[in-house]
Structures are given as C-alpha cells and as structure tokens.
$ cat run_28.pdb   # PDB, C-alpha atoms and all ligand atoms
MODEL        1
ATOM      1  CA  MET A   1    -132.061  90.976  24.542
ATOM      2  CA  ARG A   2    -129.482  88.159  24.511
ATOM      3  CA  ILE A   3    -130.900  85.181  22.661
ATOM      4  CA  ILE A   4    -129.403  81.808  21.793
ATOM      5  CA  LEU A   5    -130.700  79.803  18.827
ATOM      6  CA  LEU A   6    -130.064  76.158  19.493
ATOM      7  CA  GLY A   7    -130.655  73.385  16.973
ATOM      8  CA  ALA A   8    -129.090  70.691  14.839
ATOM      9  CA  PRO A   9    -127.262  71.383  11.564
ATOM     10  CA  GLY A  10    -129.889  72.477   9.047
ATOM     11  CA  ALA A  11    -132.572  73.268  11.654
ATOM     12  CA  GLY A  12    -132.949  76.800  10.291
ATOM     13  CA  LYS A  13    -130.905  78.768  12.841
ATOM     14  CA  GLY A  14    -129.272  80.991  10.230
ATOM     15  CA  THR A  15    -132.514  81.514   8.289
ATOM     16  CA  GLN A  16    -134.411  82.629  11.391
ATOM     17  CA  ALA A  17    -131.583  84.525  13.122
ATOM     18  CA  ALA A  18    -131.369  86.871  10.142
ATOM     19  CA  VAL A  19    -135.048  87.798  10.542
ATOM     20  CA  ILE A  20    -134.940  88.256  14.328
ATOM     21  CA  SER A  21    -131.767  90.296  14.081
ATOM     22  CA  LYS A  22    -133.385  92.682  11.612
ATOM     23  CA  LYS A  23    -136.542  92.953  13.687
ATOM     24  CA  LEU A  24    -134.759  93.605  16.994
ATOM     25  CA  GLY A  25    -131.915  95.631  15.492
ATOM     26  CA  THR A  26    -129.339  93.475  17.287
ATOM     27  CA  PRO A  27    -126.461  91.654  15.604
ATOM     28  CA  HIS A  28    -126.681  88.080  14.358
ATOM     29  CA  ILE A  29    -123.526  86.369  15.581
ATOM     30  CA  ALA A  30    -123.000  82.959  13.981
ATOM     31  CA  THR A  31    -119.817  81.120  14.900
ATOM     32  CA  GLY A  32    -119.892  79.067  11.692
ATOM     33  CA  ASP A  33    -120.185  82.290   9.634
ATOM     34  CA  LEU A  34    -117.289  83.848  11.592
ATOM     35  CA  PHE A  35    -115.082  80.817  10.937
ATOM     36  CA  ARG A  36    -115.999  80.780   7.218
ATOM     37  CA  ALA A  37    -115.314  84.520   6.961
ATOM     38  CA  ALA A  38    -111.913  84.027   8.647
ATOM     39  CA  LEU A  39    -111.147  81.215   6.219
ATOM     40  CA  GLY A  40    -112.126  83.421   3.273
ATOM     41  CA  GLN A  41    -109.656  86.043   4.531
ATOM     42  CA  GLY A  42    -106.932  83.397   4.908
ATOM     43  CA  THR A  43    -106.319  84.124   8.621
ATOM     44  CA  ASP A  44    -104.699  81.681  11.089
ATOM     45  CA  LEU A  45    -108.054  81.302  12.834
ATOM     46  CA  GLY A  46    -109.744  80.370   9.558
ATOM     47  CA  ASN A  47    -107.085  77.825   8.639
ATOM     48  CA  LYS A  48    -107.192  76.216  12.088
ATOM     49  CA  ALA A  49    -110.995  76.017  11.994
ATOM     50  CA  LYS A  50    -111.074  74.531   8.470
ATOM     51  CA  ALA A  51    -109.422  71.289   9.560
ATOM     52  CA  TYR A  52    -112.282  70.637  12.018
ATOM     53  CA  MET A  53    -115.126  71.983   9.882
ATOM     54  CA  ASP A  54    -114.210  69.842   6.877
ATOM     55  CA  LYS A  55    -114.626  66.726   9.029
ATOM     56  CA  GLY A  56    -117.803  67.975  10.690
ATOM     57  CA  GLU A  57    -116.011  68.126  14.059
ATOM     58  CA  LEU A  58    -116.242  71.008  16.507
ATOM     59  CA  VAL A  59    -113.482  73.615  16.636
ATOM     60  CA  PRO A  60    -111.866  73.406  20.126
ATOM     61  CA  ASP A  61    -113.684  75.292  22.884
ATOM     62  CA  ASP A  62    -110.801  77.649  23.774
ATOM     63  CA  ILE A  63    -110.532  78.996  20.197
ATOM     64  CA  THR A  64    -114.314  79.315  19.811
ATOM     65  CA  VAL A  65    -114.999  80.934  23.188
ATOM     66  CA  ALA A  66    -112.209  83.510  22.698
ATOM     67  CA  MET A  67    -113.617  84.444  19.268
ATOM     68  CA  VAL A  68    -117.163  84.897  20.623
ATOM     69  CA  LEU A  69    -116.137  86.899  23.701
ATOM     70  CA  GLU A  70    -114.176  89.234  21.456
ATOM     71  CA  ARG A  71    -117.196  89.637  19.162
ATOM     72  CA  ILE A  72    -119.759  90.313  21.897
ATOM     73  CA  ALA A  73    -117.472  92.944  23.429
ATOM     74  CA  LEU A  74    -117.916  95.152  20.339
ATOM     75  CA  ASP A  75    -120.114  98.267  20.560
ATOM     76  CA  ASP A  76    -122.988  96.946  18.441
ATOM     77  CA  ALA A  77    -123.522  94.003  20.819
ATOM     78  CA  GLN A  78    -123.881  95.978  24.034
ATOM     79  CA  THR A  79    -127.688  95.908  24.128
ATOM     80  CA  GLY A  80    -128.066  92.344  22.893
ATOM     81  CA  TYR A  81    -127.471  89.799  20.129
ATOM     82  CA  ILE A  82    -128.679  86.576  18.558
ATOM     83  CA  LEU A  83    -126.151  83.777  18.981
ATOM     84  CA  ASP A  84    -126.453  81.150  16.229
ATOM     85  CA  GLY A  85    -124.376  77.967  16.664
ATOM     86  CA  PHE A  86    -122.901  78.998  20.009
ATOM     87  CA  PRO A  87    -122.680  77.595  22.610
ATOM     88  CA  ARG A  88    -122.322  74.128  21.185
ATOM     89  CA  THR A  89    -120.885  72.286  24.176
ATOM     90  CA  VAL A  90    -121.740  72.526  27.875
ATOM     91  CA  ASN A  91    -118.214  73.916  28.455
ATOM     92  CA  GLN A  92    -118.954  76.759  26.019
ATOM     93  CA  GLY A  93    -122.250  77.415  27.813
ATOM     94  CA  VAL A  94    -120.518  77.629  31.183
ATOM     95  CA  ALA A  95    -117.759  79.885  29.793
ATOM     96  CA  LEU A  96    -120.351  82.240  28.296
ATOM     97  CA  ASP A  97    -122.349  82.419  31.541
ATOM     98  CA  GLN A  98    -119.200  83.155  33.539
ATOM     99  CA  ALA A  99    -118.059  85.898  31.170
ATOM    100  CA  LEU A 100    -121.511  87.550  31.197
ATOM    101  CA  GLU A 101    -121.810  87.315  34.978
ATOM    102  CA  LYS A 102    -118.661  89.400  35.368
ATOM    103  CA  ASN A 103    -120.570  92.292  33.719
ATOM    104  CA  GLY A 104    -123.812  91.611  35.588
ATOM    105  CA  GLU A 105    -125.370  90.251  32.372
ATOM    106  CA  SER A 106    -127.063  86.986  31.432
ATOM    107  CA  ILE A 107    -128.710  85.154  28.545
ATOM    108  CA  ASP A 108    -132.462  85.873  28.323
ATOM    109  CA  MET A 109    -133.548  82.722  26.505
ATOM    110  CA  ALA A 110    -132.344  79.749  24.491
ATOM    111  CA  ILE A 111    -134.721  78.777  21.703
ATOM    112  CA  LEU A 112    -134.458  75.198  20.469
ATOM    113  CA  VAL A 113    -135.489  74.848  16.822
ATOM    114  CA  ASP A 114    -136.538  71.199  16.710
ATOM    115  CA  VAL A 115    -136.331  69.233  13.408
ATOM    116  CA  SER A 116    -136.106  65.479  12.699
ATOM    117  CA  ASP A 117    -132.917  63.980  11.252
ATOM    118  CA  ALA A 118    -134.600  62.915   7.980
ATOM    119  CA  GLU A 119    -135.727  66.499   7.313
ATOM    120  CA  LEU A 120    -132.297  67.907   8.277
ATOM    121  CA  VAL A 121    -130.585  65.733   5.657
ATOM    122  CA  LYS A 122    -133.000  66.966   2.951
ATOM    123  CA  ARG A 123    -132.422  70.583   3.909
ATOM    124  CA  LEU A 124    -128.641  70.369   3.929
ATOM    125  CA  SER A 125    -128.423  68.511   0.626
ATOM    126  CA  GLY A 126    -130.500  71.230  -1.091
ATOM    127  CA  ARG A 127    -128.831  74.223   0.530
ATOM    128  CA  SER A 128    -126.640  76.851  -1.076
ATOM    129  CA  ILE A 129    -125.253  79.950   0.652
ATOM    130  CA  CYS A 130    -124.013  83.352  -0.470
ATOM    131  CA  ARG A 131    -120.232  83.652  -0.715
ATOM    132  CA  THR A 132    -120.434  87.268   0.473
ATOM    133  CA  CYS A 133    -123.147  87.518   3.174
ATOM    134  CA  GLN A 134    -123.674  83.772   3.906
ATOM    135  CA  THR A 135    -127.473  83.969   3.541
ATOM    136  CA  PRO A 136    -128.802  80.398   3.138
ATOM    137  CA  TYR A 137    -131.164  79.316   0.306
ATOM    138  CA  HIS A 138    -132.754  75.997  -0.588
ATOM    139  CA  SER A 139    -133.364  74.684  -4.086
ATOM    140  CA  VAL A 140    -136.981  73.739  -3.229
ATOM    141  CA  ASN A 141    -137.958  75.352   0.107
ATOM    142  CA  ASN A 142    -136.436  78.780  -0.341
ATOM    143  CA  PRO A 143    -134.982  79.307  -3.822
ATOM    144  CA  PRO A 144    -133.275  82.574  -4.802
ATOM    145  CA  LYS A 145    -135.067  84.729  -7.406
ATOM    146  CA  GLU A 146    -132.242  84.058  -9.870
ATOM    147  CA  THR A 147    -130.461  80.675  -9.811
ATOM    148  CA  GLY A 148    -127.000  80.893  -8.260
ATOM    149  CA  VAL A 149    -127.333  84.557  -7.226
ATOM    150  CA  CYS A 150    -128.055  86.000  -3.734
ATOM    151  CA  ASP A 151    -131.265  88.084  -3.598
ATOM    152  CA  LEU A 152    -129.737  90.439  -1.049
ATOM    153  CA  ASP A 153    -126.375  91.425  -2.504
ATOM    154  CA  GLY A 154    -125.996  89.622  -5.837
ATOM    155  CA  GLY A 155    -123.222  87.400  -4.405
ATOM    156  CA  GLU A 156    -122.449  83.968  -5.876
ATOM    157  CA  LEU A 157    -124.232  81.012  -4.230
ATOM    158  CA  TYR A 158    -122.228  77.864  -3.479
ATOM    159  CA  GLN A 159    -122.600  74.578  -1.613
ATOM    160  CA  ARG A 160    -120.719  74.406   1.696
ATOM    161  CA  ASP A 161    -118.007  71.715   1.751
ATOM    162  CA  ASP A 162    -119.460  70.324   4.984
ATOM    163  CA  ASP A 163    -122.885  69.781   3.359
ATOM    164  CA  LYS A 164    -121.568  66.673   1.549
ATOM    165  CA  ALA A 165    -123.504  63.584   2.639
ATOM    166  CA  GLU A 166    -120.701  61.854   4.611
ATOM    167  CA  THR A 167    -119.851  65.021   6.565
ATOM    168  CA  VAL A 168    -123.524  65.710   7.307
ATOM    169  CA  ILE A 169    -123.855  62.307   8.983
ATOM    170  CA  ASN A 170    -120.915  63.117  11.270
ATOM    171  CA  ARG A 171    -122.248  66.610  12.048
ATOM    172  CA  LEU A 172    -125.568  65.117  13.177
ATOM    173  CA  GLN A 173    -123.716  62.625  15.389
ATOM    174  CA  VAL A 174    -121.551  65.382  16.882
ATOM    175  CA  TYR A 175    -124.700  67.420  17.552
ATOM    176  CA  SER A 176    -126.326  64.547  19.383
ATOM    177  CA  ASN A 177    -123.202  63.757  21.483
ATOM    178  CA  GLU A 178    -121.833  67.208  22.226
ATOM    179  CA  THR A 179    -124.543  69.838  21.683
ATOM    180  CA  ALA A 180    -127.808  68.147  22.684
ATOM    181  CA  PRO A 181    -126.728  68.108  26.389
ATOM    182  CA  LEU A 182    -127.172  71.903  26.274
ATOM    183  CA  ILE A 183    -130.948  71.330  26.087
ATOM    184  CA  GLN A 184    -130.867  70.039  29.666
ATOM    185  CA  PHE A 185    -128.364  72.789  30.600
ATOM    186  CA  PHE A 186    -130.773  75.565  29.561
ATOM    187  CA  GLU A 187    -133.810  73.689  30.850
ATOM    188  CA  SER A 188    -132.234  73.588  34.307
ATOM    189  CA  GLN A 189    -131.830  77.390  34.100
ATOM    190  CA  SER A 190    -135.519  77.728  33.031
ATOM    191  CA  LYS A 191    -134.355  79.446  29.850
ATOM    192  CA  LEU A 192    -135.275  76.836  27.250
ATOM    193  CA  VAL A 193    -138.118  77.459  24.797
ATOM    194  CA  ARG A 194    -138.900  74.812  22.156
ATOM    195  CA  ILE A 195    -140.269  75.530  18.731
ATOM    196  CA  ASN A 196    -141.334  73.100  16.018
ATOM    197  CA  GLY A 197    -138.831  73.905  13.241
ATOM    198  CA  GLU A 198    -140.509  71.526  10.805
ATOM    199  CA  GLN A 199    -143.140  74.060   9.778
ATOM    200  CA  ASP A 200    -142.939  76.534   6.889
ATOM    201  CA  ILE A 201    -140.198  79.135   7.235
ATOM    202  CA  SER A 202    -142.816  81.895   7.629
ATOM    203  CA  VAL A 203    -144.690  79.989  10.380
ATOM    204  CA  VAL A 204    -141.494  79.337  12.354
ATOM    205  CA  GLU A 205    -140.608  83.008  11.928
ATOM    206  CA  LYS A 206    -143.965  84.177  13.285
ATOM    207  CA  GLN A 207    -143.827  81.847  16.285
ATOM    208  CA  LEU A 208    -140.268  82.915  17.107
ATOM    209  CA  LEU A 209    -141.149  86.593  16.960
ATOM    210  CA  ASP A 210    -144.222  85.985  19.165
ATOM    211  CA  ILE A 211    -142.065  84.220  21.764
ATOM    212  CA  ILE A 212    -139.532  87.035  21.785
ATOM    213  CA  GLU A 213    -142.113  89.815  21.872
ATOM    214  CA  THR A 214    -143.987  88.299  24.809
ATOM    215  CA  LYS A 215    -140.789  87.830  26.840
TER     216      LYS A 215
HETATM  217  P1  LIG B   1    -122.496  76.170  11.431
HETATM  218  O1  LIG B   1    -122.237  77.042  10.297
HETATM  219  O2  LIG B   1    -123.031  76.744  12.697
HETATM  220  O3  LIG B   1    -123.401  74.990  10.939
HETATM  221  P2  LIG B   1    -124.539  74.122  11.673
HETATM  222  O4  LIG B   1    -124.811  74.285  13.112
HETATM  223  O5  LIG B   1    -124.165  72.758  11.281
HETATM  224  O6  LIG B   1    -125.850  74.679  11.150
HETATM  225  P3  LIG B   1    -126.157  75.038   9.680
HETATM  226  O7  LIG B   1    -125.628  76.386   9.352
HETATM  227  O8  LIG B   1    -125.764  73.892   8.808
HETATM  228  O9  LIG B   1    -127.758  75.046   9.730
HETATM  229  P4  LIG B   1    -128.764  76.185  10.160
HETATM  230  O10 LIG B   1    -129.487  75.706  11.391
HETATM  231  O11 LIG B   1    -128.140  77.530  10.214
HETATM  232  O12 LIG B   1    -129.793  76.080   8.965
HETATM  233  P5  LIG B   1    -130.111  77.096   7.751
HETATM  234  O13 LIG B   1    -130.870  78.274   8.260
HETATM  235  O14 LIG B   1    -128.913  77.318   6.916
HETATM  236  O15 LIG B   1    -121.160  75.398  11.837
HETATM  237  C1  LIG B   1    -120.328  74.819  10.857
HETATM  238  C2  LIG B   1    -119.083  74.247  11.517
HETATM  239  O16 LIG B   1    -118.333  75.293  12.189
HETATM  240  C3  LIG B   1    -119.308  73.211  12.626
HETATM  241  O17 LIG B   1    -119.511  71.908  12.090
HETATM  242  C4  LIG B   1    -118.017  73.339  13.433
HETATM  243  O18 LIG B   1    -116.953  72.703  12.789
HETATM  244  C5  LIG B   1    -117.755  74.830  13.401
HETATM  245  N1  LIG B   1    -118.419  75.530  14.527
HETATM  246  C6  LIG B   1    -119.416  76.452  14.436
HETATM  247  N2  LIG B   1    -119.779  76.869  15.669
HETATM  248  C7  LIG B   1    -119.003  76.187  16.547
HETATM  249  C8  LIG B   1    -118.915  76.162  17.971
HETATM  250  N3  LIG B   1    -119.722  76.927  18.743
HETATM  251  N4  LIG B   1    -118.011  75.350  18.547
HETATM  252  C9  LIG B   1    -117.170  74.598  17.799
HETATM  253  N5  LIG B   1    -117.206  74.547  16.457
HETATM  254  C10 LIG B   1    -118.117  75.332  15.834
HETATM  255  O19 LIG B   1    -131.174  76.181   6.964
HETATM  256  C11 LIG B   1    -130.766  74.968   6.334
HETATM  257  C12 LIG B   1    -131.485  74.791   4.999
HETATM  258  O20 LIG B   1    -132.881  74.556   5.256
HETATM  259  C13 LIG B   1    -131.436  76.030   4.091
HETATM  260  O21 LIG B   1    -131.353  75.565   2.776
HETATM  261  C14 LIG B   1    -132.772  76.746   4.357
HETATM  262  O22 LIG B   1    -133.211  77.481   3.220
HETATM  263  C15 LIG B   1    -133.700  75.583   4.663
HETATM  264  N6  LIG B   1    -134.719  75.880   5.676
HETATM  265  C16 LIG B   1    -134.561  76.640   6.801
HETATM  266  N7  LIG B   1    -135.707  76.654   7.523
HETATM  267  C17 LIG B   1    -136.598  75.866   6.847
HETATM  268  C18 LIG B   1    -137.965  75.487   7.087
HETATM  269  N8  LIG B   1    -138.639  75.905   8.183
HETATM  270  N9  LIG B   1    -138.554  74.681   6.188
HETATM  271  C19 LIG B   1    -137.898  74.241   5.076
HETATM  272  N10 LIG B   1    -136.611  74.576   4.794
HETATM  273  C20 LIG B   1    -135.962  75.375   5.668
HETATM  274 MG    MG B   2    -126.203  78.289   9.853
ENDMDL
END
$ encode --input "run_28.pdb" --output "structure tokens" --more "lines below"
Ligand code: AP5
Ligand code: MG
Amino acid sequence: MRIILLGAPGAGKGTQAAVISKKLGTPHIATGDLFRAALGQGTDLGNKAKAYMDKGELVPDDITVAMVLERIALDDAQTGYILDGFPRTVNQGVALDQALEKNGESIDMAILVDVSDAELVKRLSGRSICRTCQTPYHSVNNPPKETGVCDLDGGELYQRDDDKAETVINRLQVYSNETAPLIQFFESQSKLVRINGEQDISVVEKQLLDIIETK
C-alpha cells in the first residue's frame, strides 16, 4: 500500500509512520529524515537542504522530488511505503502522481493528522530525536526510558535546530501557505482521510491502523 501522512510540523507523522511501517512491513520514507541524514554525511544535498531547513523554509521542489523518486525506485519500496513529509506542495503532489502513473501505480490514501497550532508548539518545544535513527521523543508525552538516550538503539538524543521557537513559527506559516492546499488536492481525488491527532499516541495509532486495515 502507498500511504501519505499529511500534517503540520509536530502533528505526529514520524511517531505514527514508524508504527505503521513496522506493522505493514513497508518502508517509512521521511523527506526531513533523508535531508538530515544527508547533512550528517556532509553531502552536497545535505548542505543545500540545510540552508532552507534552518530557516523553516521548504527545500526547492526539484531537489526534493528527485530525492524521493530515487528512494521509491529502490527494491524495498516496490510493494508500498509510508511517505512522511512528502508531498508538501501541490507541485510535489502532481510530480509524484505523474511519476507513479508511468508505472501504472497510484497513491492509495492520504491521511491528515489534524492538530491545533497551540498543541503543535508544545510538542515541538519538548521534542528530542535520536541522532542515529531519528526516532522522536517528548519530555512529557513520550519520554525515553533513560534521559538523553534512544530506547531503540542507544543513540544520543538532541533537539533539532529547527525546533527553536522562532523557526517553529515560520514552519507553521509555511505549512499553512504551501502544504495545506494539498488537503483539497487529495480531497478532490477522494483519497483524503482525516484523523484527530490530538488524542493519546496509542489512540491515534489504533485509529490509523483501523483505517489502513479496512481499506
Ligand atoms: P520534517 O522533518 O518533515 O519536519 P515537519 O514536517 O516539520 O514535521 P516534524 O518532523 O517536525 O513533526 P512530525 O509530524 O513528524 O511529529 P513527531 O512525530 O516528531 O521537515 C523538516 C524540514 O525539512 C522542513 O522544514 C523543510 O525545510 C525540509 N523538508 C522536509 N520535507 C520536505 C519537502 N517535501 N519539501 C521541501 N522541504 C522539505 O512528533 C512531534 C512531537 O510530539 C514528538 O515529541 C512526539 O513525541 C510528540 N507526539 C507525537 N504524537 C503525539 C500525540 N498524539 N500526543 C502527544 N504528543 C505526541
Ligand atoms: Mg517528523
């Protein structure tokens, strides 16, 4: 199954995509994680992306689309994937549809994880992520077993540069201007499913899995 997780910064896309990916046995492809990994490896792609990410702006569509098409062409993505943070503009959505159509494929559903701005700010200010596997934690909502250490691989937890208050405000604005129009885009394709992301992590998880299993 080819699933898109749509939602504002901090909505819980990464938290939930990890669970669905494990359950379905399909890869979790997160454009933000790919850019951060490229930056960690010091590649050209990573350095180009950093300039945009640090300001909370979107990386240009051509760079982002090329990276995703390359990733979904790999063997492990042939039966499906969970896209987290992509598409993020209507142009990216159109480019993805066109590329899939060439192979007789299409997106099965786009799930919007809906959360209010006030809650998003709280989540991002309390978040830390693993330097190695990028798993997100929250100091109150989802703390690691040992402070500063990832439960899954023992990696060091750190705060993302773009989770600083002034950058968060810009990311929310960019979401509303550039990404929110995708809600209408997927609605017009009858692919949009909404979920209340302001419930406990385990409740959101259960509802998401129910939606996917009944598809
Ligand atoms: P990206 O890494 O995709 O960041 P984002 O979309 O801003 O989303 P986040 O990762 O911040 O939030 P999330 O929804 O994954 O929430 P999480 O599960 O961590 O992108 C970063 C940057 O890369 C962009 O700004 C842009 O520059 C660039 N980029 C990426 N994709 C791009 C694209 N397609 N085009 C162009 N540029 C692109 O959860 C957040 C916190 O809340 C955690 O602490 C978690 O523990 C907690 N939490 C989760 N769920 C719940 C819950 N139900 N209740 C309480 N707490 C919860
Ligand atoms: Mg994320």
$ closest_residue --input "run_28.pdb" --among "A:Val19, A:Leu192, A:Leu182, A:Ile212" --to "Val90 of chain A" --atoms "only C-alpha atoms"
A:Leu182
$ residues_near_ligand --input "run_28.pdb" --ligand "ligand MG 2 (chain B)" --cutoff "9 Å" --atoms "all atoms listed in the file" --output "compact mmCIF listing (two decimals) with C-alpha atoms, in the frame of the given file"
# COMPACT_ATOMS: atom_id res chain seq x y z
CA PRO A 9 -127.26 71.38 11.56
CA GLY A 10 -129.89 72.48 9.05
CA ALA A 11 -132.57 73.27 11.65
CA GLY A 12 -132.95 76.80 10.29
CA LYS A 13 -130.90 78.77 12.84
CA GLY A 14 -129.27 80.99 10.23
CA THR A 15 -132.51 81.51 8.29
CA ALA A 17 -131.58 84.52 13.12
CA ALA A 30 -123.00 82.96 13.98
CA THR A 31 -119.82 81.12 14.90
CA GLY A 32 -119.89 79.07 11.69
CA ASP A 33 -120.18 82.29 9.63
CA ASP A 84 -126.45 81.15 16.23
CA GLY A 85 -124.38 77.97 16.66
CA GLN A 134 -123.67 83.77 3.91
CA THR A 135 -127.47 83.97 3.54
CA PRO A 136 -128.80 80.40 3.14
$ closest_atom_pairs --input "run_28.pdb" --of "chain A" --to "ligand LIG 1 (chain B)" --cutoff "7 Å" --atoms "only C-alpha atoms and all ligand atoms" --output "Markdown table"
| residue | atom | partner | partner_atom | distance |
| --- | --- | --- | --- | --- |
| A:Gly7 | CA | B:LIG1 | O10 | 6.2 |
| A:Ala8 | CA | B:LIG1 | O4 | 5.8 |
| A:Pro9 | CA | B:LIG1 | O5 | 3.4 |
| A:Gly10 | CA | B:LIG1 | O9 | 3.4 |
| A:Ala11 | CA | B:LIG1 | O10 | 3.9 |
| A:Gly12 | CA | B:LIG1 | O13 | 3.3 |
| A:Lys13 | CA | B:LIG1 | O10 | 3.7 |
| A:Gly14 | CA | B:LIG1 | O11 | 3.6 |
| A:Thr15 | CA | B:LIG1 | O13 | 3.6 |
| A:Gln16 | CA | B:LIG1 | O13 | 6.4 |
| A:Ala30 | CA | B:LIG1 | O2 | 6.3 |
| A:Thr31 | CA | B:LIG1 | N2 | 4.3 |
| A:Gly32 | CA | B:LIG1 | O1 | 3.4 |
| A:Asp33 | CA | B:LIG1 | O1 | 5.7 |
| A:Phe35 | CA | B:LIG1 | O16 | 6.5 |
| A:Ala49 | CA | B:LIG1 | O18 | 6.9 |
| A:Tyr52 | CA | B:LIG1 | O18 | 5.2 |
| A:Met53 | CA | B:LIG1 | O18 | 3.5 |
| A:Gly56 | CA | B:LIG1 | O17 | 4.5 |
| A:Glu57 | CA | B:LIG1 | O18 | 4.8 |
| A:Leu58 | CA | B:LIG1 | N5 | 3.7 |
| A:Val59 | CA | B:LIG1 | N5 | 3.8 |
| A:Pro60 | CA | B:LIG1 | C9 | 5.9 |
| A:Asp61 | CA | B:LIG1 | N4 | 6.1 |
| A:Thr64 | CA | B:LIG1 | N4 | 5.6 |
| A:Asp84 | CA | B:LIG1 | O2 | 6.6 |
| A:Gly85 | CA | B:LIG1 | O2 | 4.4 |
| A:Phe86 | CA | B:LIG1 | N3 | 4.0 |
| A:Pro87 | CA | B:LIG1 | N3 | 4.9 |
| A:Arg88 | CA | B:LIG1 | N3 | 4.5 |
| A:Arg123 | CA | B:LIG1 | O20 | 4.2 |
| A:Leu124 | CA | B:LIG1 | C12 | 5.4 |
| A:Gly126 | CA | B:LIG1 | O21 | 5.9 |
| A:Arg127 | CA | B:LIG1 | O21 | 3.6 |
| A:Ser128 | CA | B:LIG1 | O21 | 6.2 |
| A:Pro136 | CA | B:LIG1 | O14 | 4.9 |
| A:Tyr137 | CA | B:LIG1 | O22 | 4.0 |
| A:His138 | CA | B:LIG1 | O21 | 3.7 |
| A:Asn141 | CA | B:LIG1 | N10 | 4.9 |
| A:Asn142 | CA | B:LIG1 | O22 | 5.0 |
| A:Arg171 | CA | B:LIG1 | O17 | 6.0 |
| A:Gly197 | CA | B:LIG1 | N8 | 5.4 |
| A:Glu198 | CA | B:LIG1 | N8 | 5.4 |
| A:Gln199 | CA | B:LIG1 | N8 | 5.1 |
| A:Asp200 | CA | B:LIG1 | N8 | 4.5 |
| A:Ile201 | CA | B:LIG1 | N8 | 3.7 |
| A:Val204 | CA | B:LIG1 | N8 | 6.1 |
$ write_last_selection --input "run_28.pdb" --atoms "C-alpha atoms" --output "mmCIF file, in the frame of the given file"
data_model
loop_
_atom_site.group_PDB
_atom_site.id
_atom_site.type_symbol
_atom_site.label_atom_id
_atom_site.label_comp_id
_atom_site.auth_asym_id
_atom_site.auth_seq_id
_atom_site.Cartn_x
_atom_site.Cartn_y
_atom_site.Cartn_z
ATOM 1 C CA GLY A 7 -130.655 73.385 16.973
ATOM 2 C CA ALA A 8 -129.090 70.691 14.839
ATOM 3 C CA PRO A 9 -127.262 71.383 11.564
ATOM 4 C CA GLY A 10 -129.889 72.477 9.047
ATOM 5 C CA ALA A 11 -132.572 73.268 11.654
ATOM 6 C CA GLY A 12 -132.949 76.800 10.291
ATOM 7 C CA LYS A 13 -130.905 78.768 12.841
ATOM 8 C CA GLY A 14 -129.272 80.991 10.230
ATOM 9 C CA THR A 15 -132.514 81.514 8.289
ATOM 10 C CA GLN A 16 -134.411 82.629 11.391
ATOM 11 C CA ALA A 30 -123.000 82.959 13.981
ATOM 12 C CA THR A 31 -119.817 81.120 14.900
ATOM 13 C CA GLY A 32 -119.892 79.067 11.692
ATOM 14 C CA ASP A 33 -120.185 82.290 9.634
ATOM 15 C CA PHE A 35 -115.082 80.817 10.937
ATOM 16 C CA ALA A 49 -110.995 76.017 11.994
ATOM 17 C CA TYR A 52 -112.282 70.637 12.018
ATOM 18 C CA MET A 53 -115.126 71.983 9.882
ATOM 19 C CA GLY A 56 -117.803 67.975 10.690
ATOM 20 C CA GLU A 57 -116.011 68.126 14.059
ATOM 21 C CA LEU A 58 -116.242 71.008 16.507
ATOM 22 C CA VAL A 59 -113.482 73.615 16.636
ATOM 23 C CA PRO A 60 -111.866 73.406 20.126
ATOM 24 C CA ASP A 61 -113.684 75.292 22.884
ATOM 25 C CA THR A 64 -114.314 79.315 19.811
ATOM 26 C CA ASP A 84 -126.453 81.150 16.229
ATOM 27 C CA GLY A 85 -124.376 77.967 16.664
ATOM 28 C CA PHE A 86 -122.901 78.998 20.009
ATOM 29 C CA PRO A 87 -122.680 77.595 22.610
ATOM 30 C CA ARG A 88 -122.322 74.128 21.185
ATOM 31 C CA ARG A 123 -132.422 70.583 3.909
ATOM 32 C CA LEU A 124 -128.641 70.369 3.929
ATOM 33 C CA GLY A 126 -130.500 71.230 -1.091
ATOM 34 C CA ARG A 127 -128.831 74.223 0.530
ATOM 35 C CA SER A 128 -126.640 76.851 -1.076
ATOM 36 C CA PRO A 136 -128.802 80.398 3.138
ATOM 37 C CA TYR A 137 -131.164 79.316 0.306
ATOM 38 C CA HIS A 138 -132.754 75.997 -0.588
ATOM 39 C CA ASN A 141 -137.958 75.352 0.107
ATOM 40 C CA ASN A 142 -136.436 78.780 -0.341
ATOM 41 C CA ARG A 171 -122.248 66.610 12.048
ATOM 42 C CA GLY A 197 -138.831 73.905 13.241
ATOM 43 C CA GLU A 198 -140.509 71.526 10.805
ATOM 44 C CA GLN A 199 -143.140 74.060 9.778
ATOM 45 C CA ASP A 200 -142.939 76.534 6.889
ATOM 46 C CA ILE A 201 -140.198 79.135 7.235
ATOM 47 C CA VAL A 204 -141.494 79.337 12.354
#
$ resolve_selection --input "run_28.pdb" --expression "the PyMOL selection byres (((chain A and resi 115) around 7) and not hetatm)" --output "list in words"
Ala11, Val113, Asp114, Ser116, Asp117, Glu119, Leu120, Asn196, Gly197 and Glu198 of chain A
$ residues_around --input "run_28.pdb" --residues "Glu213 of chain A" --least-positions-apart "4" --cutoff "12 Å" --atoms "only C-alpha atoms" --output "list in words"
Met1, Ile20, Lys23, Leu24, Lys206, Gln207, Leu208 and Leu209 of chain A
